[in-house]
$ cat final_11.cif   # mmCIF, C-alpha atoms
data_input
loop_
_atom_site.label_atom_id
_atom_site.label_comp_id
_atom_site.auth_asym_id
_atom_site.auth_seq_id
_atom_site.Cartn_x
_atom_site.Cartn_y
_atom_site.Cartn_z
CA MET H 1 95.56 101.50 100.50
CA LEU H 2 99.12 100.60 101.52
CA GLU H 3 97.94 98.12 104.14
CA PHE H 4 95.51 96.63 101.65
CA ALA H 5 98.31 96.25 99.07
CA LYS H 6 100.62 94.61 101.61
CA GLY H 7 97.98 92.10 102.58
CA LEU H 8 97.15 91.39 98.96
CA ALA H 9 100.80 90.77 98.06
CA LEU H 10 101.09 88.36 100.98
CA ARG H 11 97.99 86.46 99.85
CA ALA H 12 99.16 86.17 96.23
CA GLY H 13 102.68 85.23 97.27
CA GLY H 14 101.41 82.53 99.61
CA MET H 15 99.32 81.02 96.83
CA LEU H 16 102.30 81.08 94.47
CA ARG H 17 104.55 79.40 96.99
CA ARG H 18 102.01 76.62 97.54
CA GLY H 19 101.86 76.20 93.76
CA LEU H 20 105.51 75.17 93.65
CA SER H 21 104.69 71.79 95.18
CA GLY H 22 102.62 70.46 92.29
CA PRO H 23 102.91 69.99 88.51
CA MET H 24 103.30 73.18 86.52
CA SER H 25 101.78 74.17 83.19
CA VAL H 26 104.09 76.44 81.14
CA ARG H 27 103.45 77.97 77.72
CA LEU H 28 105.14 80.49 75.45
CA LYS H 29 103.42 83.85 75.05
CA GLY H 30 106.17 85.40 72.91
CA PRO H 31 109.84 85.01 71.94
CA ALA H 32 111.77 83.98 75.07
CA ASP H 33 108.70 84.89 77.15
CA ILE H 34 106.70 82.32 79.11
CA VAL H 35 103.65 82.27 81.35
CA THR H 36 102.53 79.66 83.87
CA GLU H 37 99.05 78.88 85.13
CA MET H 38 100.18 80.35 88.45
CA ASP H 39 100.87 83.75 86.81
CA THR H 40 97.25 83.92 85.73
CA ALA H 41 95.92 82.54 89.03
CA SER H 42 97.88 85.14 91.01
CA GLU H 43 96.71 87.94 88.74
CA ARG H 44 93.10 86.78 89.00
CA LEU H 45 93.31 86.83 92.81
CA ILE H 46 94.79 90.34 92.78
CA LEU H 47 92.36 91.75 90.22
CA ASP H 48 89.29 90.31 91.95
CA ALA H 49 90.37 91.86 95.26
CA LEU H 50 91.17 95.26 93.72
CA ARG H 51 87.92 95.47 91.79
CA ALA H 52 85.92 94.55 94.87
CA ARG H 53 87.67 97.12 97.08
CA PHE H 54 88.38 99.92 94.57
CA PRO H 55 85.93 99.53 91.65
CA ASP H 56 86.71 103.00 90.28
CA HIS H 57 90.49 102.45 90.05
CA ALA H 58 92.27 101.77 86.75
CA ILE H 59 94.55 98.74 86.47
CA LEU H 60 97.51 97.84 84.27
CA ALA H 61 98.44 94.18 84.73
CA GLU H 62 101.03 92.05 82.97
CA GLU H 63 98.77 89.26 81.75
CA SER H 64 95.40 90.96 81.22
CA GLY H 65 96.51 94.45 80.16
CA ALA H 66 94.74 97.72 80.91
CA SER H 67 91.38 98.35 82.57
CA PRO H 68 90.09 101.96 82.58
CA GLY H 69 89.25 103.89 85.73
CA GLY H 70 89.62 107.20 87.53
CA GLU H 71 92.56 109.10 89.00
CA TYR H 72 94.21 106.04 90.56
CA ARG H 73 95.94 103.28 88.60
CA TRP H 74 97.42 100.02 89.91
CA LEU H 75 100.47 98.46 88.23
CA ILE H 76 100.42 94.69 88.77
CA ASP H 77 103.10 92.07 88.20
CA PRO H 78 101.51 88.93 89.66
CA LEU H 79 104.72 86.93 89.33
CA ASP H 80 107.98 88.72 88.54
CA GLY H 81 110.56 86.08 87.65
CA THR H 82 108.37 83.53 85.88
CA VAL H 83 111.35 81.71 84.35
CA ASN H 84 112.91 81.33 87.79
CA TYR H 85 109.58 80.17 89.22
CA SER H 86 108.99 77.63 86.45
CA HIS H 87 112.41 76.10 87.22
CA ARG H 88 111.63 76.22 90.95
CA TRP H 89 114.57 78.52 91.46
CA PRO H 90 113.59 80.42 94.64
CA HIS H 91 114.02 83.99 93.41
CA TRP H 92 110.76 85.63 92.31
CA ALA H 93 108.27 88.14 93.67
CA VAL H 94 104.85 89.77 93.56
CA SER H 95 104.92 93.49 92.74
CA LEU H 96 102.10 96.03 93.24
CA ALA H 97 102.31 99.78 92.71
CA LEU H 98 99.76 102.57 92.77
CA GLU H 99 99.78 105.83 90.80
CA HIS H 100 97.66 108.92 91.46
CA ARG H 101 97.32 111.18 88.42
CA GLY H 102 100.42 109.55 86.92
CA GLN H 103 102.63 109.87 90.01
CA LEU H 104 103.72 106.79 91.94
CA ILE H 105 102.46 107.02 95.52
CA LEU H 106 102.99 103.52 96.93
CA GLY H 107 104.74 100.28 96.09
CA VAL H 108 104.84 96.80 97.59
CA VAL H 109 107.11 93.89 96.63
CA TYR H 110 106.89 90.51 98.34
CA ALA H 111 109.51 87.76 97.99
CA PRO H 112 107.71 84.72 99.46
CA VAL H 113 110.54 82.20 99.56
CA CYS H 114 112.84 84.41 101.63
CA GLY H 115 109.86 85.89 103.46
CA GLU H 116 110.73 89.55 102.81
CA LEU H 117 108.08 92.23 102.33
CA TYR H 118 109.23 95.59 100.92
CA TRP H 119 107.10 98.72 100.74
CA ALA H 120 107.30 102.45 100.20
CA GLU H 121 104.99 105.46 100.34
CA ARG H 122 105.87 108.71 98.60
CA GLY H 123 107.48 111.04 101.11
CA LYS H 124 107.39 108.48 103.94
CA GLY H 125 110.43 106.28 103.24
CA ALA H 126 111.16 102.72 102.09
CA PHE H 127 110.98 99.68 104.35
CA ARG H 128 111.66 95.95 104.56
CA ASP H 129 109.60 94.18 107.21
CA GLY H 130 109.39 97.43 109.18
CA GLU H 131 113.10 98.33 108.94
CA ARG H 132 113.81 101.61 107.15
CA LEU H 133 116.01 101.20 104.09
CA ARG H 134 118.89 103.28 102.78
CA VAL H 135 121.01 102.84 99.65
CA SER H 136 124.71 102.00 100.00
CA ASP H 137 127.51 104.56 100.18
CA VAL H 138 129.90 102.71 97.85
CA ALA H 139 131.67 105.42 95.85
CA ARG H 140 134.23 103.53 93.72
CA PHE H 141 133.01 101.75 90.63
CA GLU H 142 135.64 99.02 90.92
CA GLN H 143 134.12 98.11 94.31
CA ALA H 144 130.50 98.18 93.14
CA LEU H 145 128.17 95.18 92.88
CA LEU H 146 125.70 95.67 90.03
CA ASN H 147 122.54 94.00 88.79
CA ALA H 148 122.05 94.01 85.01
CA GLY H 149 118.79 92.88 83.45
CA SER H 150 117.80 92.39 79.80
CA LEU H 151 121.38 93.00 78.70
CA SER H 152 123.44 90.44 76.80
CA LEU H 153 126.66 90.29 74.79
CA ARG H 154 126.44 90.05 71.01
CA PRO H 155 129.15 87.81 69.55
CA ASP H 156 129.61 90.02 66.46
CA VAL H 157 130.43 93.20 68.42
CA PRO H 158 133.52 93.74 70.60
CA PRO H 159 132.58 93.70 74.31
CA ALA H 160 134.08 97.17 74.79
CA ASP H 161 131.47 98.51 72.34
CA GLN H 162 128.53 97.08 74.31
CA PRO H 163 127.05 98.35 77.60
CA LEU H 164 127.25 94.97 79.36
CA GLY H 165 130.84 94.45 78.23
CA ARG H 166 131.87 97.82 79.62
CA LEU H 167 130.10 97.10 82.91
CA LEU H 168 131.77 93.71 83.25
CA ARG H 169 135.16 95.31 82.72
CA ALA H 170 134.67 98.29 85.03
CA ALA H 171 132.61 97.02 87.99
CA PHE H 172 133.64 94.71 90.81
CA LYS H 173 130.93 92.15 89.96
CA VAL H 174 127.79 92.05 87.78
CA ARG H 175 124.78 89.81 88.51
CA GLN H 176 121.72 88.93 86.44
CA THR H 177 118.81 87.65 88.53
CA GLY H 178 115.84 87.92 86.17
CA VAL H 179 113.67 89.75 88.74
CA CYS H 180 113.67 93.51 88.15
CA SER H 181 111.42 94.33 91.10
CA LEU H 182 113.76 92.62 93.57
CA ASP H 183 116.85 94.12 91.93
CA LEU H 184 115.45 97.54 92.78
CA CYS H 185 114.47 96.47 96.30
CA TRP H 186 118.01 95.21 96.89
CA LEU H 187 119.39 98.52 95.65
CA ALA H 188 117.12 100.33 98.09
CA ALA H 189 118.35 98.02 100.87
CA GLY H 190 122.05 98.54 100.05
CA ARG H 191 122.58 94.93 98.98
CA VAL H 192 123.66 96.06 95.52
CA ASP H 193 125.02 99.44 94.48
CA ALA H 194 123.36 99.94 91.09
CA CYS H 195 120.94 98.35 88.62
CA VAL H 196 120.87 98.61 84.83
CA GLN H 197 117.90 97.38 82.81
CA GLY H 198 117.76 97.23 79.05
CA LYS H 199 114.04 96.56 78.76
CA THR H 200 111.26 97.24 81.26
CA THR H 201 107.51 97.61 81.58
CA PRO H 202 105.52 99.68 84.10
CA TRP H 203 104.49 96.65 86.18
CA ASP H 204 108.14 95.48 86.39
CA VAL H 205 109.49 98.67 87.88
CA GLY H 206 106.71 100.77 89.42
CA ALA H 207 107.04 99.58 93.02
CA GLY H 208 110.82 99.23 92.91
CA MET H 209 111.31 102.73 91.49
CA LEU H 210 109.50 104.26 94.43
CA LEU H 211 111.50 102.15 96.89
CA VAL H 212 114.78 103.35 95.38
CA ALA H 213 113.71 106.98 95.39
CA GLU H 214 112.50 106.81 98.99
CA ALA H 215 115.74 105.09 100.06
CA GLY H 216 117.86 107.93 98.66
CA GLY H 217 118.80 106.47 95.29
CA ARG H 218 118.65 107.93 91.79
CA ILE H 219 116.98 106.69 88.58
CA THR H 220 117.56 108.03 85.05
CA ARG H 221 117.82 106.84 81.49
CA LEU H 222 121.14 105.24 80.58
CA ASP H 223 122.50 108.60 79.41
CA GLY H 224 121.50 110.39 82.61
CA SER H 225 118.40 112.10 81.22
CA PRO H 226 115.10 111.93 83.16
CA PHE H 227 113.37 108.56 83.30
CA GLY H 228 109.76 109.32 82.46
CA PRO H 229 106.46 107.50 82.80
CA GLU H 230 106.89 105.69 79.48
CA TYR H 231 109.54 103.47 81.08
CA GLY H 232 112.11 101.54 79.00
CA PRO H 233 115.89 101.18 79.65
CA PHE H 234 117.12 102.79 82.86
CA LEU H 235 119.98 103.15 85.29
CA ALA H 236 119.31 103.13 89.04
CA SER H 237 122.08 103.67 91.56
CA ASN H 238 122.95 104.77 95.07
CA GLY H 239 123.49 108.23 93.57
CA VAL H 240 127.20 108.39 94.32
CA LEU H 241 128.06 106.11 91.40
CA HIS H 242 125.58 107.55 88.96
CA GLU H 243 127.64 109.95 86.87
CA GLU H 244 130.50 107.49 86.44
CA MET H 245 128.07 104.76 85.39
CA CYS H 246 126.51 107.06 82.82
CA ARG H 247 129.95 107.65 81.34
CA VAL H 248 130.66 103.91 81.19
CA LEU H 249 127.32 103.11 79.58
CA SER H 250 127.63 105.84 76.97
#
$ encode --input "final_11.cif" --output "structure tokens"
Amino acid sequence: MLEFAKGLALRAGGMLRRGLSGPMSVRLKGPADIVTEMDTASERLILDALRARFPDHAILAEESGASPGGEYRWLIDPLDGTVNYSHRWPHWAVSLALEHRGQLILGVVYAPVCGELYWAERGKGAFRDGERLRVSDVARFEQALLNAGSLSLRPDVPPADQPLGRLLRAAFKVRQTGVCSLDLCWLAAGRVDACVQGKTTPWDVGAGMLLVAEAGGRITRLDGSPFGPEYGPFLASNGVLHEEMCRVLS
């Protein structure tokens, strides 16, 4: 199933990259939330392949929602970073994850423009293009590079009273990329030292969560409590920084 998922991510990513060369249809599907025709085309390719190969598997996909099945469930983000993609900013990805009885067992994230394929299997490690990944060993918050998604500063509240304001003051640098799956992959690869997300969905984070765990990182809620299957806001780190980040965020 891992090899199938890797091949499928490569196929969908290749189609998406080719789609950048032509005109693009973009529509709103909610407040500050857009979808392109390529989101739906990528999801259709992925769903058709999964249903042909694993007809008894359940699926949860960003655009089409839930399809019932048996003990296995796929979490599908056919294009993570749609806003970036629609502006032809080359930072976006395809993310596929698989659960068995509610437990993540494999994840694949493909970034077509930079040509990087990330994957993880439970208990077998996390990899990028065959190279085993490990989180960073940065131990001082003032030296840490962070990714922060779905967090913004409200003008009517002092920055010190907001999570993003406290992070900006305490960390070395904070980045916002708009691609949660790749933020987690980069944490697993040691490119960043921690990630904070204020809003997530299962298809955003399923694959990346497993990569972080298999690379030696830690994931909790913002207050340090367990991050369960319902998803939502979370903190992911190299583990060394985790307790200090929880204190800053709370």
$ closest_residue --input "final_11.cif" --among "H:Gly165, H:Pro159, H:Gly149, H:Gly228" --to "Lys199 (chain H)" --atoms "only C-alpha atoms"
H:Gly149
$ residues_around --input "final_11.cif" --residues "Cys195 (chain H)" --least-positions-apart "3" --cutoff "8 Å" --atoms "all atoms listed in the file" --output "PDB file with C-alpha atoms, in the frame of the given file"
ATOM      1  CA  LEU H 146     125.700  95.670  90.030  1.00  0.00           C
ATOM      2  CA  ASN H 147     122.540  94.000  88.790  1.00  0.00           C
ATOM      3  CA  ALA H 148     122.050  94.010  85.010  1.00  0.00           C
ATOM      4  CA  GLY H 149     118.790  92.880  83.450  1.00  0.00           C
ATOM      5  CA  ASP H 183     116.850  94.120  91.930  1.00  0.00           C
ATOM      6  CA  LEU H 184     115.450  97.540  92.780  1.00  0.00           C
ATOM      7  CA  LEU H 187     119.390  98.520  95.650  1.00  0.00           C
ATOM      8  CA  VAL H 192     123.660  96.060  95.520  1.00  0.00           C
ATOM      9  CA  LEU H 235     119.980 103.150  85.290  1.00  0.00           C
ATOM     10  CA  ALA H 236     119.310 103.130  89.040  1.00  0.00           C
ATOM     11  CA  SER H 237     122.080 103.670  91.560  1.00  0.00           C
TER      12      SER H 237
END
$ closest_atom_pairs --input "final_11.cif" --of "region 55-114 of chain H" --to "region 1-21 of chain H" --cutoff "8 Å" --atoms "only C-alpha atoms" --output "tab-separated table"
residue	atom	partner	partner_atom	distance
H:Pro78	CA	H:Ala12	CA	7.5
H:Tyr85	CA	H:Leu20	CA	7.8
H:Arg88	CA	H:Leu20	CA	6.8
H:Ala93	CA	H:Gly13	CA	7.3
H:Val94	CA	H:Ala9	CA	6.1
H:Ser95	CA	H:Ala9	CA	7.3
H:Leu96	CA	H:Ala5	CA	7.0
H:Leu106	CA	H:Leu2	CA	6.7
H:Gly107	CA	H:Leu2	CA	7.8
H:Val108	CA	H:Lys6	CA	6.2
H:Val109	CA	H:Ala9	CA	7.2
H:Tyr110	CA	H:Ala9	CA	6.1
H:Ala111	CA	H:Gly13	CA	7.3
H:Pro112	CA	H:Gly13	CA	5.5
H:Val113	CA	H:Arg17	CA	7.1
$ closest_atom_pairs --input "final_11.cif" --of "region 186-216 of chain H" --to "region 124-137 of chain H" --cutoff "7 Å" --atoms "only C-alpha atoms" --output "Markdown table"
| residue | atom | partner | partner_atom | distance |
| --- | --- | --- | --- | --- |
| H:Leu187 | CA | H:Val135 | CA | 6.1 |
| H:Ala188 | CA | H:Val135 | CA | 4.9 |
| H:Ala189 | CA | H:Leu133 | CA | 5.1 |
| H:Gly190 | CA | H:Ser136 | CA | 4.4 |
| H:Asp193 | CA | H:Ser136 | CA | 6.1 |
| H:Leu211 | CA | H:Ala126 | CA | 5.2 |
| H:Glu214 | CA | H:Gly125 | CA | 4.8 |
| H:Ala215 | CA | H:Arg134 | CA | 4.5 |
| H:Gly216 | CA | H:Val135 | CA | 6.1 |
$ residues_around --input "final_11.cif" --residues "region 167-179 of chain H" --least-positions-apart "2" --cutoff "10 Å" --atoms "all atoms listed in the file" --output "number ranges by chain"
H: 79-84, 91-93, 140-152, 159-160, 162-165, 181-184, 192, 194-197, 204-205, 245, 248-249
$ closest_residue --input "final_11.cif" --among "H:Ser67, H:Ser250, H:Thr201, H:Thr220" --to "Phe234 (chain H)" --atoms "all atoms listed in the file"
H:Thr220
$ residues_around --input "final_11.cif" --residues "Arg247 (chain H)" --least-positions-apart "3" --cutoff "10 Å" --atoms "only C-alpha atoms" --output "PyMOL selection string"
chain H and resi 222-224+242-244+250
$ atom_distance --input "final_11.cif" --atom1 "CA of Val240 (chain H)" --atom2 "CA of Val138 (chain H)"
7.2 Å
$ closest_residue --input "final_11.cif" --among "H:Gly217, H:Pro233, H:Gly239, H:Pro202" --to "Ala66 (chain H)" --atoms "only C-alpha atoms"
H:Pro202
$ atom_distance --input "final_11.cif" --atom1 "CA of Ser225 (chain H)" --atom2 "CA of Cys185 (chain H)"
22.1 Å
$ atom_distance --input "final_11.cif" --atom1 "CA of His57 (chain H)" --atom2 "CA of Ile105 (chain H)"
13.9 Å
$ closest_residue --input "final_11.cif" --among "H:Gly206, H:Ser42, H:Ser86, H:Thr200" --to "Arg73 (chain H)" --atoms "all atoms listed in the file"
H:Gly206
$ residues_around --input "final_11.cif" --residues "Thr40 (chain H)" --least-positions-apart "6" --cutoff "12 Å" --atoms "all atoms listed in the file" --output "MDAnalysis selection string"
chainID H and resid 12 15:16 25:27 34 46:48 61:65 76:79 82
$ closest_residue --input "final_11.cif" --among "H:Pro23, H:Gly102, H:Pro155, H:Gly208" --to "Trp74 (chain H)" --atoms "all atoms listed in the file"
H:Gly102
$ closest_residue --input "final_11.cif" --among "H:Leu50, H:Asp56, H:Gly198, H:Ala213" --to "Leu75 (chain H)" --atoms "only C-alpha atoms"
H:Leu50
